[in-house]
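Peer 1: Provided herewith is a single structure, encoded as structure tokens, for subsequent inquiry.
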Amino acid sequence: MKEIKSVCVFCGASNNVPKKFLDSGAEFGQMLARRGIRLIYGGGDCGVMGAVANSTMKSGGQVTGVFPVSLRNIENEHQSLSEIIIVETMHERKMGMFERSDAFIVFPGGFGTMDEMFEILTWKQLKLHDKPVIIFNYQGYWDPLIALMKNIIEIGFAKTEVATFYHVVTELDEIMDVLAP
């Protein structure tokens with residue numbers, strides 16, 4: 001695996017979640033900054049998204065946000081990032097994050113987070129990339145989704161090899177272990 005210089009974090013944008021989710025995002029931001037890994041993310045200033053970005057920057061790291069103008073009436077783009085890229089559509093946002101990232105980390109989140117994760121896994125299945133995809137199953141948050149993915153494979157709607165396209169971890173340190181060259 002090549003050296004990881006940037007990671008894309010897919011995560012929730014809601015502030016209406018238990019503080020522990022925000023805290024785990026903030027801790028991860030510190031880890032990225034300490035290791036000199038650039039954060040690539042959706043460009044928002046709320047929820048786990050904002051926690052990861054703010055913590056990365058506060059700890060001296062670099063952050064690139066990719067924010068679609070269509071979200072401006074729903075959430076705010078971050079005003080203090082190292083770099084903000086404004087795009088028109090969600091599709092452009094996902095492509096922009098993909099192009100700038102060496103790996104993908106899936107933190108707890110909602111439907112948008114799952115959409116991003118499944119698209120990146122589908123692209124991997126189609127051999128459009130071979131970048132690491134890590135599902136951070138913080139305190140069992142993704143257990144039902146992981147069970148569904150296993151069921152999809154067991155029944156035959158996906159090949160067995162699809163299970164090798166992603167890593168599931170339960171601790172922040174394990175993310176860095178998977179990313180280590």
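Residues in the structure tokens are named by chain (A, B, ... in the order shown) and by number from 1 within that chain; ligands are numbered from 1 in the order shown.
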Can you pull out every residue from chain A that DSSP, working from the backbone, puts in helix (DSSP H, G or I), and format the result as JSON, numbers by chain?

Peer 2: {"A": [19, 20, 21, 22, 23, 24, 25, 26, 27, 28, 29, 30, 31, 32, 33, 34, 35, 47, 48, 49, 50, 51, 52, 53, 54, 55, 56, 57, 58, 69, 70, 71, 90, 91, 92, 93, 94, 95, 96, 97, 98, 99, 100, 111, 112, 113, 114, 115, 116, 117, 118, 119, 120, 121, 122, 123, 124, 125, 138, 139, 140, 143, 144, 145, 146, 147, 148, 149, 150, 151, 152, 153, 154, 155, 160, 161, 162, 163, 164, 172, 173, 174, 175, 176, 177, 178, 179]}

Peer 1: Quick one: pick out all strand (DSSP E) residues within stretch 33-85 of chain A from a backbone DSSP run and write them as a ChimeraX atom specification.

Peer 2: /A:38-41,63-68,83-85

Peer 1: Which neighbours of stretch 155-160 of chain A fall inside 12 Å, counting only C-alpha atoms, when residues of the same chain fewer than 5 positions from it are skipped, and could you give them as a tab-separated table (two decimals) with N, CA and C atoms, in the first residue's frame?

Peer 2:
chain	number	residue	atom	x	y	z
A	121	LEU	N	-17.55	1.92	-2.12
A	121	LEU	CA	-17.41	0.46	-2.17
A	121	LEU	C	-17.81	-0.09	-3.54
A	122	THR	N	-18.85	0.48	-4.13
A	122	THR	CA	-19.26	0.05	-5.47
A	122	THR	C	-18.17	0.34	-6.48
A	125	GLN	N	-15.60	-2.26	-6.07
A	125	GLN	CA	-16.07	-3.51	-6.65
A	125	GLN	C	-15.93	-3.48	-8.18
A	126	LEU	N	-16.14	-2.33	-8.78
A	126	LEU	CA	-16.02	-2.17	-10.24
A	126	LEU	C	-14.57	-1.94	-10.69
A	148	LEU	N	-26.06	-6.59	7.63
A	148	LEU	CA	-26.73	-6.54	6.33
A	148	LEU	C	-25.74	-6.82	5.20
A	149	MET	N	-24.56	-6.23	5.27
A	149	MET	CA	-23.55	-6.44	4.24
A	149	MET	C	-23.13	-7.92	4.20
A	150	LYS	N	-22.99	-8.51	5.36
A	150	LYS	CA	-22.66	-9.94	5.44
A	150	LYS	C	-23.78	-10.77	4.81
A	165	PHE	N	-13.01	-5.78	0.64
A	165	PHE	CA	-12.88	-4.42	0.13
A	165	PHE	C	-12.91	-3.37	1.23

Peer 1: With distances taken over only C-alpha atoms, which of A:Met97, A:Gly112, A:Lys58, A:Ala26 is nearest to A:Ser14?

Peer 2: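 Among A:Met97, A:Gly112, A:Lys58, A:Ala26, it is A:Gly112 that comes nearest to A:Ser14.
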
Peer 1: So which one's closest to A:Arg100, A:Pro18, A:Gly25, A:Pro181, A:Gly42? Using only C-alpha atoms, please.

Peer 2: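 The answer is A:Gly42, which sits nearest to A:Arg100.
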
Peer 1: So that I can see what lies close to A:Arg34, please list as a PyMOL selection string the residues with an atom at most 12 Å from it, counting only C-alpha atoms and leaving out residues fewer than 6 positions away in the same chain.

Peer 2: chain A and resi 27-28+55-62+176

Peer 1: Give me, as a ChimeraX atom specification, all polymer residues having an atom no more than 10 Å from stretch 38-40 of chain A, counting only C-alpha atoms and skipping those fewer than 6 positions away in the same chain.

Peer 2: /A:4-10,29,32,52-53,56-57,61-66,82-84,96-104

Peer 1: Please, what distance in Å, to one decimal, runs between atom CA of A:Gln79 and atom CA of A:Cys46?

Peer 2: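 About the pair atom CA of A:Gln79 and atom CA of A:Cys46: they are 11.7 Å apart.
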
Peer 1: Neighbouring residues of A:His167 were defined as those with any atom within 8 Å, considering only C-alpha atoms; residues of the same chain fewer than 2 positions away were excluded. Please report them as a ChimeraX atom specification.

Peer 2: /A:132-135,164-165,169,178

Peer 1: Just how far from atom CA of A:Gly43 is atom CA of A:Ile85, in Å to one decimal?

Peer 2: 8.1 Å

Peer 1: One number please: atom CA of A:Met117 to atom CA of A:Val48, in Å, one decimal.

Peer 2: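 Separation of atom CA of A:Met117 and atom CA of A:Val48: 15.7 Å.
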